[in-house]
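*Asks:* Right, I'll just put the structure down here and ask away after.
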Amino acid sequence: FNNSRTFSYGGIKFLYNTGPKPDIGFIVSRKRGISVERNKFKRRCRSAFAETDVLQRKKLNIIIQPVGPLVGWDNIKVAFSMFSSKLYE
């Protein structure tokens with residue numbers, strides 16, 4: 001991820017680059033809440049990643065990091081849609 005790009009929206013920071021297959025990773029520290037809340041955030045992000053076919057076709061490797069408090073499902077979906085629309089600019 002030395003030559004990766006970044007995009008931030010709605011309390012979520014995306015670090016991304018292209019790779020051989022689409023993949024997703026997370027950086028969520030303990031400061032962001034108890035493990036149940038952190039895991040719920042990661043589960044929701046995985047679901048949004050799977051639903052966004054643009055990210056699958058572009059074969060992006062993405063690292064997701066929350067900026068500030070963890071955001072809810074609606075904000076995650078909006079952030080992923082804004083991220084996918086940014087890729088087509």
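Each chain in the structure tokens gets a letter, A, B and so on, in the order shown; residues start at 1 in every chain, and ligands are counted from 1 in the order they appear.
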Give me the residues of region 5-54 of chain A that have any atom at most 7 Å from an atom of region 59-66 of chain A; for each, the nearest atom pair and the distance in Å, rounded to one decimal. Use only C-alpha atoms, sort by chain and number, and format it as a tab-separated table.
*Replies:*
```
residue	atom	partner	partner_atom	distance
A:Gly11	CA	A:Pro66	CA	5.8
A:Ile12	CA	A:Pro66	CA	4.5
A:Lys13	CA	A:Gln65	CA	5.1
A:Phe14	CA	A:Ile64	CA	4.9
A:Leu15	CA	A:Ile63	CA	5.1
A:Tyr16	CA	A:Ile62	CA	4.4
A:Asn17	CA	A:Asn61	CA	5.5
A:Thr18	CA	A:Leu60	CA	4.5
A:Gly19	CA	A:Leu60	CA	5.9
A:Pro20	CA	A:Lys59	CA	6.5
A:Lys21	CA	A:Lys59	CA	5.0
A:Pro22	CA	A:Lys59	CA	4.2
A:Asp23	CA	A:Asn61	CA	4.7
A:Ile24	CA	A:Ile62	CA	4.8
A:Gly25	CA	A:Ile63	CA	4.6
A:Phe26	CA	A:Ile64	CA	4.9
A:Ile27	CA	A:Gln65	CA	5.0
A:Val28	CA	A:Gln65	CA	6.1
```
*Asks:* Just write the chosen residues, C-alpha atoms, as a PDB file, in the first residue's frame.
*Replies:*
```pdb
ATOM      1  CA  GLY A  11     -16.377   9.460   8.991  1.00  0.00           C
ATOM      2  CA  ILE A  12     -14.805   6.671   6.924  1.00  0.00           C
ATOM      3  CA  LYS A  13     -11.367   6.795   5.330  1.00  0.00           C
ATOM      4  CA  PHE A  14     -10.685   4.530   2.331  1.00  0.00           C
ATOM      5  CA  LEU A  15      -7.115   3.615   1.347  1.00  0.00           C
ATOM      6  CA  TYR A  16      -7.142   1.783  -1.979  1.00  0.00           C
ATOM      7  CA  ASN A  17      -5.102   0.455  -4.876  1.00  0.00           C
ATOM      8  CA  THR A  18      -5.603  -2.155  -7.583  1.00  0.00           C
ATOM      9  CA  GLY A  19      -4.635  -5.771  -7.184  1.00  0.00           C
ATOM     10  CA  PRO A  20      -5.152  -9.220  -8.662  1.00  0.00           C
ATOM     11  CA  LYS A  21      -8.498  -9.692  -6.875  1.00  0.00           C
ATOM     12  CA  PRO A  22     -10.871  -7.503  -4.838  1.00  0.00           C
ATOM     13  CA  ASP A  23     -10.078  -7.528  -1.130  1.00  0.00           C
ATOM     14  CA  ILE A  24     -10.958  -5.556   1.993  1.00  0.00           C
ATOM     15  CA  GLY A  25      -9.180  -4.916   5.291  1.00  0.00           C
ATOM     16  CA  PHE A  26      -9.811  -2.828   8.397  1.00  0.00           C
ATOM     17  CA  ILE A  27      -7.984  -0.638  10.864  1.00  0.00           C
ATOM     18  CA  VAL A  28     -10.286  -0.196  13.861  1.00  0.00           C
TER      19      VAL A  28
END
```
*Asks:* In chain A, what's helix (DSSP H, G or I) per DSSP? Answer as a PDB file with N, CA, C and O atoms, in the first residue's frame?
*Replies:*
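states-v1.pdb, freshly written:
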```pdb
ATOM      1  N   ARG A  30      -9.104   0.010  19.450  1.00  0.00           N
ATOM      2  CA  ARG A  30      -9.957  -0.177  20.626  1.00  0.00           C
ATOM      3  C   ARG A  30     -10.595   1.118  21.085  1.00  0.00           C
ATOM      4  O   ARG A  30     -11.591   1.103  21.803  1.00  0.00           O
ATOM      5  N   LYS A  31     -10.023   2.230  20.675  1.00  0.00           N
ATOM      6  CA  LYS A  31     -10.589   3.532  21.044  1.00  0.00           C
ATOM      7  C   LYS A  31     -11.971   3.737  20.436  1.00  0.00           C
ATOM      8  O   LYS A  31     -12.710   4.601  20.866  1.00  0.00           O
ATOM      9  N   ARG A  32     -12.305   2.958  19.419  1.00  0.00           N
ATOM     10  CA  ARG A  32     -13.573   3.125  18.704  1.00  0.00           C
ATOM     11  C   ARG A  32     -14.740   2.412  19.364  1.00  0.00           C
ATOM     12  O   ARG A  32     -15.841   2.441  18.865  1.00  0.00           O
ATOM     13  N   SER A  35     -15.645  -4.465  21.505  1.00  0.00           N
ATOM     14  CA  SER A  35     -15.440  -5.362  20.366  1.00  0.00           C
ATOM     15  C   SER A  35     -16.730  -5.639  19.602  1.00  0.00           C
ATOM     16  O   SER A  35     -16.700  -5.784  18.375  1.00  0.00           O
ATOM     17  N   VAL A  36     -17.858  -5.694  20.280  1.00  0.00           N
ATOM     18  CA  VAL A  36     -19.132  -5.932  19.602  1.00  0.00           C
ATOM     19  C   VAL A  36     -19.417  -4.818  18.594  1.00  0.00           C
ATOM     20  O   VAL A  36     -19.821  -5.081  17.456  1.00  0.00           O
ATOM     21  N   GLU A  37     -19.184  -3.578  18.988  1.00  0.00           N
ATOM     22  CA  GLU A  37     -19.425  -2.438  18.096  1.00  0.00           C
ATOM     23  C   GLU A  37     -18.411  -2.402  16.949  1.00  0.00           C
ATOM     24  O   GLU A  37     -18.778  -2.118  15.805  1.00  0.00           O
ATOM     25  N   ARG A  38     -17.145  -2.685  17.248  1.00  0.00           N
ATOM     26  CA  ARG A  38     -16.134  -2.710  16.191  1.00  0.00           C
ATOM     27  C   ARG A  38     -16.430  -3.798  15.172  1.00  0.00           C
ATOM     28  O   ARG A  38     -16.338  -3.576  13.959  1.00  0.00           O
ATOM     29  N   ASN A  39     -16.816  -4.979  15.645  1.00  0.00           N
ATOM     30  CA  ASN A  39     -17.117  -6.087  14.742  1.00  0.00           C
ATOM     31  C   ASN A  39     -18.380  -5.814  13.922  1.00  0.00           C
ATOM     32  O   ASN A  39     -18.455  -6.201  12.753  1.00  0.00           O
ATOM     33  N   LYS A  40     -19.356  -5.141  14.515  1.00  0.00           N
ATOM     34  CA  LYS A  40     -20.562  -4.775  13.777  1.00  0.00           C
ATOM     35  C   LYS A  40     -20.212  -3.815  12.648  1.00  0.00           C
ATOM     36  O   LYS A  40     -20.709  -3.950  11.523  1.00  0.00           O
ATOM     37  N   PHE A  41     -19.335  -2.859  12.912  1.00  0.00           N
ATOM     38  CA  PHE A  41     -18.880  -1.924  11.882  1.00  0.00           C
ATOM     39  C   PHE A  41     -18.202  -2.674  10.742  1.00  0.00           C
ATOM     40  O   PHE A  41     -18.493  -2.444   9.562  1.00  0.00           O
ATOM     41  N   LYS A  42     -17.306  -3.612  11.073  1.00  0.00           N
ATOM     42  CA  LYS A  42     -16.595  -4.369  10.050  1.00  0.00           C
ATOM     43  C   LYS A  42     -17.551  -5.250   9.244  1.00  0.00           C
ATOM     44  O   LYS A  42     -17.436  -5.348   8.023  1.00  0.00           O
ATOM     45  N   ARG A  43     -18.505  -5.871   9.916  1.00  0.00           N
ATOM     46  CA  ARG A  43     -19.486  -6.718   9.238  1.00  0.00           C
ATOM     47  C   ARG A  43     -20.321  -5.906   8.250  1.00  0.00           C
ATOM     48  O   ARG A  43     -20.574  -6.329   7.119  1.00  0.00           O
ATOM     49  N   ARG A  44     -20.736  -4.726   8.666  1.00  0.00           N
ATOM     50  CA  ARG A  44     -21.526  -3.854   7.797  1.00  0.00           C
ATOM     51  C   ARG A  44     -20.701  -3.375   6.608  1.00  0.00           C
ATOM     52  O   ARG A  44     -21.207  -3.289   5.486  1.00  0.00           O
ATOM     53  N   CYS A  45     -19.447  -3.069   6.827  1.00  0.00           N
ATOM     54  CA  CYS A  45     -18.572  -2.646   5.723  1.00  0.00           C
ATOM     55  C   CYS A  45     -18.350  -3.784   4.739  1.00  0.00           C
ATOM     56  O   CYS A  45     -18.348  -3.562   3.520  1.00  0.00           O
ATOM     57  N   ARG A  46     -18.184  -4.997   5.231  1.00  0.00           N
ATOM     58  CA  ARG A  46     -18.040  -6.145   4.331  1.00  0.00           C
ATOM     59  C   ARG A  46     -19.291  -6.330   3.474  1.00  0.00           C
ATOM     60  O   ARG A  46     -19.199  -6.626   2.279  1.00  0.00           O
ATOM     61  N   SER A  47     -20.439  -6.146   4.086  1.00  0.00           N
ATOM     62  CA  SER A  47     -21.699  -6.275   3.354  1.00  0.00           C
ATOM     63  C   SER A  47     -21.821  -5.195   2.283  1.00  0.00           C
ATOM     64  O   SER A  47     -22.216  -5.478   1.144  1.00  0.00           O
ATOM     65  N   ALA A  48     -21.495  -3.960   2.622  1.00  0.00           N
ATOM     66  CA  ALA A  48     -21.555  -2.864   1.651  1.00  0.00           C
ATOM     67  C   ALA A  48     -20.550  -3.094   0.527  1.00  0.00           C
ATOM     68  O   ALA A  48     -20.839  -2.806  -0.639  1.00  0.00           O
ATOM     69  N   PHE A  49     -19.384  -3.632   0.850  1.00  0.00           N
ATOM     70  CA  PHE A  49     -18.371  -3.944  -0.164  1.00  0.00           C
ATOM     71  C   PHE A  49     -18.887  -5.002  -1.126  1.00  0.00           C
ATOM     72  O   PHE A  49     -18.723  -4.898  -2.338  1.00  0.00           O
ATOM     73  N   ALA A  50     -19.536  -6.033  -0.598  1.00  0.00           N
ATOM     74  CA  ALA A  50     -20.065  -7.110  -1.435  1.00  0.00           C
ATOM     75  C   ALA A  50     -21.207  -6.620  -2.323  1.00  0.00           C
ATOM     76  O   ALA A  50     -21.371  -7.094  -3.444  1.00  0.00           O
ATOM     77  N   GLU A  51     -22.009  -5.679  -1.830  1.00  0.00           N
ATOM     78  CA  GLU A  51     -23.141  -5.154  -2.599  1.00  0.00           C
ATOM     79  C   GLU A  51     -22.706  -4.191  -3.697  1.00  0.00           C
ATOM     80  O   GLU A  51     -23.459  -3.978  -4.646  1.00  0.00           O
ATOM     81  N   ASP A  53     -20.970  -3.604  -6.746  1.00  0.00           N
ATOM     82  CA  ASP A  53     -20.332  -4.365  -7.819  1.00  0.00           C
ATOM     83  C   ASP A  53     -19.224  -3.592  -8.522  1.00  0.00           C
ATOM     84  O   ASP A  53     -18.329  -4.182  -9.109  1.00  0.00           O
ATOM     85  N   VAL A  54     -19.253  -2.269  -8.441  1.00  0.00           N
ATOM     86  CA  VAL A  54     -18.188  -1.456  -9.049  1.00  0.00           C
ATOM     87  C   VAL A  54     -16.839  -1.812  -8.424  1.00  0.00           C
ATOM     88  O   VAL A  54     -15.838  -1.963  -9.124  1.00  0.00           O
ATOM     89  N   LEU A  55     -16.826  -1.969  -7.120  1.00  0.00           N
ATOM     90  CA  LEU A  55     -15.578  -2.279  -6.424  1.00  0.00           C
ATOM     91  C   LEU A  55     -15.098  -3.680  -6.775  1.00  0.00           C
ATOM     92  O   LEU A  55     -13.898  -3.937  -6.837  1.00  0.00           O
ATOM     93  N   GLN A  56     -16.026  -4.600  -7.024  1.00  0.00           N
ATOM     94  CA  GLN A  56     -15.648  -5.956  -7.396  1.00  0.00           C
ATOM     95  C   GLN A  56     -15.038  -5.984  -8.799  1.00  0.00           C
ATOM     96  O   GLN A  56     -14.048  -6.660  -9.037  1.00  0.00           O
ATOM     97  N   ARG A  57     -15.628  -5.232  -9.727  1.00  0.00           N
ATOM     98  CA  ARG A  57     -15.134  -5.238 -11.109  1.00  0.00           C
ATOM     99  C   ARG A  57     -13.789  -4.546 -11.238  1.00  0.00           C
ATOM    100  O   ARG A  57     -12.973  -4.919 -12.067  1.00  0.00           O
ATOM    101  N   TRP A  73     -25.238   2.068   9.742  1.00  0.00           N
ATOM    102  CA  TRP A  73     -25.427   1.382   8.472  1.00  0.00           C
ATOM    103  C   TRP A  73     -25.729   2.351   7.333  1.00  0.00           C
ATOM    104  O   TRP A  73     -25.184   2.217   6.245  1.00  0.00           O
ATOM    105  N   ASP A  74     -26.625   3.317   7.552  1.00  0.00           N
ATOM    106  CA  ASP A  74     -26.979   4.263   6.492  1.00  0.00           C
ATOM    107  C   ASP A  74     -25.768   5.070   6.035  1.00  0.00           C
ATOM    108  O   ASP A  74     -25.553   5.266   4.840  1.00  0.00           O
ATOM    109  N   ASN A  75     -24.963   5.525   6.985  1.00  0.00           N
ATOM    110  CA  ASN A  75     -23.765   6.302   6.645  1.00  0.00           C
ATOM    111  C   ASN A  75     -22.726   5.448   5.919  1.00  0.00           C
ATOM    112  O   ASN A  75     -22.017   5.937   5.034  1.00  0.00           O
ATOM    113  N   ILE A  76     -22.636   4.190   6.285  1.00  0.00           N
ATOM    114  CA  ILE A  76     -21.689   3.291   5.617  1.00  0.00           C
ATOM    115  C   ILE A  76     -22.090   3.108   4.158  1.00  0.00           C
ATOM    116  O   ILE A  76     -21.263   3.201   3.252  1.00  0.00           O
ATOM    117  N   LYS A  77     -23.387   2.874   3.918  1.00  0.00           N
ATOM    118  CA  LYS A  77     -23.852   2.677   2.536  1.00  0.00           C
ATOM    119  C   LYS A  77     -23.638   3.934   1.700  1.00  0.00           C
ATOM    120  O   LYS A  77     -23.224   3.853   0.539  1.00  0.00           O
ATOM    121  N   VAL A  78     -23.896   5.105   2.282  1.00  0.00           N
ATOM    122  CA  VAL A  78     -23.684   6.360   1.551  1.00  0.00           C
ATOM    123  C   VAL A  78     -22.202   6.551   1.255  1.00  0.00           C
ATOM    124  O   VAL A  78     -21.829   6.945   0.149  1.00  0.00           O
ATOM    125  N   ALA A  79     -21.345   6.262   2.234  1.00  0.00           N
ATOM    126  CA  ALA A  79     -19.902   6.413   2.030  1.00  0.00           C
ATOM    127  C   ALA A  79     -19.415   5.491   0.914  1.00  0.00           C
ATOM    128  O   ALA A  79     -18.621   5.895   0.067  1.00  0.00           O
ATOM    129  N   PHE A  80     -19.891   4.252   0.881  1.00  0.00           N
ATOM    130  CA  PHE A  80     -19.486   3.323  -0.175  1.00  0.00           C
ATOM    131  C   PHE A  80     -20.006   3.762  -1.528  1.00  0.00           C
ATOM    132  O   PHE A  80     -19.306   3.640  -2.538  1.00  0.00           O
ATOM    133  N   SER A  81     -21.225   4.288  -1.588  1.00  0.00           N
ATOM    134  CA  SER A  81     -21.739   4.750  -2.883  1.00  0.00           C
ATOM    135  C   SER A  81     -20.983   5.983  -3.363  1.00  0.00           C
ATOM    136  O   SER A  81     -20.704   6.122  -4.556  1.00  0.00           O
ATOM    137  N   MET A  82     -20.628   6.891  -2.458  1.00  0.00           N
ATOM    138  CA  MET A  82     -19.829   8.057  -2.840  1.00  0.00           C
ATOM    139  C   MET A  82     -18.433   7.626  -3.308  1.00  0.00           C
ATOM    140  O   MET A  82     -17.892   8.174  -4.261  1.00  0.00           O
ATOM    141  N   PHE A  83     -17.867   6.640  -2.640  1.00  0.00           N
ATOM    142  CA  PHE A  83     -16.561   6.128  -3.015  1.00  0.00           C
ATOM    143  C   PHE A  83     -16.609   5.494  -4.403  1.00  0.00           C
ATOM    144  O   PHE A  83     -15.754   5.754  -5.250  1.00  0.00           O
ATOM    145  N   SER A  84     -17.635   4.685  -4.663  1.00  0.00           N
ATOM    146  CA  SER A  84     -17.734   4.049  -5.978  1.00  0.00           C
ATOM    147  C   SER A  84     -18.000   5.074  -7.070  1.00  0.00           C
ATOM    148  O   SER A  84     -17.485   4.945  -8.188  1.00  0.00           O
ATOM    149  N   SER A  85     -18.774   6.130  -6.773  1.00  0.00           N
ATOM    150  CA  SER A  85     -19.008   7.164  -7.794  1.00  0.00           C
ATOM    151  C   SER A  85     -17.747   7.987  -8.042  1.00  0.00           C
ATOM    152  O   SER A  85     -17.506   8.443  -9.146  1.00  0.00           O
ATOM    153  N   LYS A  86     -16.904   8.145  -7.006  1.00  0.00           N
ATOM    154  CA  LYS A  86     -15.651   8.872  -7.171  1.00  0.00           C
ATOM    155  C   LYS A  86     -14.698   8.134  -8.112  1.00  0.00           C
ATOM    156  O   LYS A  86     -13.948   8.739  -8.862  1.00  0.00           O
ATOM    157  N   LEU A  87     -14.777   6.823  -8.108  1.00  0.00           N
ATOM    158  CA  LEU A  87     -13.908   6.027  -8.974  1.00  0.00           C
ATOM    159  C   LEU A  87     -14.197   6.235 -10.443  1.00  0.00           C
ATOM    160  O   LEU A  87     -13.343   6.011 -11.289  1.00  0.00           O
TER     161      LEU A  87
END
```
*Asks:* For a test of reading the model, state the distance in Å between CA of Ser29 (chain A) and CA of Thr6 (chain A), rounded to one decimal.
*Replies:* 18.9 Å
*Asks:* For each of A:Tyr88, A:Gly33, A:Ser4, A:Thr52, take the minimum atom-to-atom distance to Val71 (chain A), counting only C-alpha atoms, then give the residue where this is smallest.
*Replies:* A:Gly33
*Asks:* From a DSSP pass on the backbone, collect the residues of region 5-88 of chain A flagged as strand (DSSP E) and hand them back as JSON, numbers by chain.
*Replies:* {"A": [5, 6, 7, 8, 9, 12, 13, 14, 15, 16, 17, 18, 23, 24, 25, 26, 60, 61, 62, 63, 64, 65, 66]}
*Asks:* Would you mind exporting the chosen residues as a PDB file, in the first residue's frame, restricted to C-alpha atoms?
*Replies:*
```pdb
ATOM      1  CA  ARG A   5      -4.799   6.597  -2.837  1.00  0.00           C
ATOM      2  CA  THR A   6      -7.134   7.874  -0.151  1.00  0.00           C
ATOM      3  CA  PHE A   7     -10.745   8.993  -0.038  1.00  0.00           C
ATOM      4  CA  SER A   8     -12.684  10.137   3.035  1.00  0.00           C
ATOM      5  CA  TYR A   9     -16.401  10.588   3.417  1.00  0.00           C
ATOM      6  CA  ILE A  12     -14.805   6.671   6.924  1.00  0.00           C
ATOM      7  CA  LYS A  13     -11.367   6.795   5.330  1.00  0.00           C
ATOM      8  CA  PHE A  14     -10.685   4.530   2.331  1.00  0.00           C
ATOM      9  CA  LEU A  15      -7.115   3.615   1.347  1.00  0.00           C
ATOM     10  CA  TYR A  16      -7.142   1.783  -1.979  1.00  0.00           C
ATOM     11  CA  ASN A  17      -5.102   0.455  -4.876  1.00  0.00           C
ATOM     12  CA  THR A  18      -5.603  -2.155  -7.583  1.00  0.00           C
ATOM     13  CA  ASP A  23     -10.078  -7.528  -1.130  1.00  0.00           C
ATOM     14  CA  ILE A  24     -10.958  -5.556   1.993  1.00  0.00           C
ATOM     15  CA  GLY A  25      -9.180  -4.916   5.291  1.00  0.00           C
ATOM     16  CA  PHE A  26      -9.811  -2.828   8.397  1.00  0.00           C
ATOM     17  CA  LEU A  60      -9.574  -2.919  -5.682  1.00  0.00           C
ATOM     18  CA  ASN A  61      -7.768  -3.663  -2.461  1.00  0.00           C
ATOM     19  CA  ILE A  62      -9.308  -1.426   0.193  1.00  0.00           C
ATOM     20  CA  ILE A  63      -8.367  -0.649   3.769  1.00  0.00           C
ATOM     21  CA  ILE A  64     -11.158   1.007   5.745  1.00  0.00           C
ATOM     22  CA  GLN A  65     -10.507   3.118   8.801  1.00  0.00           C
ATOM     23  CA  PRO A  66     -13.139   5.027  10.783  1.00  0.00           C
TER      24      PRO A  66
END
```
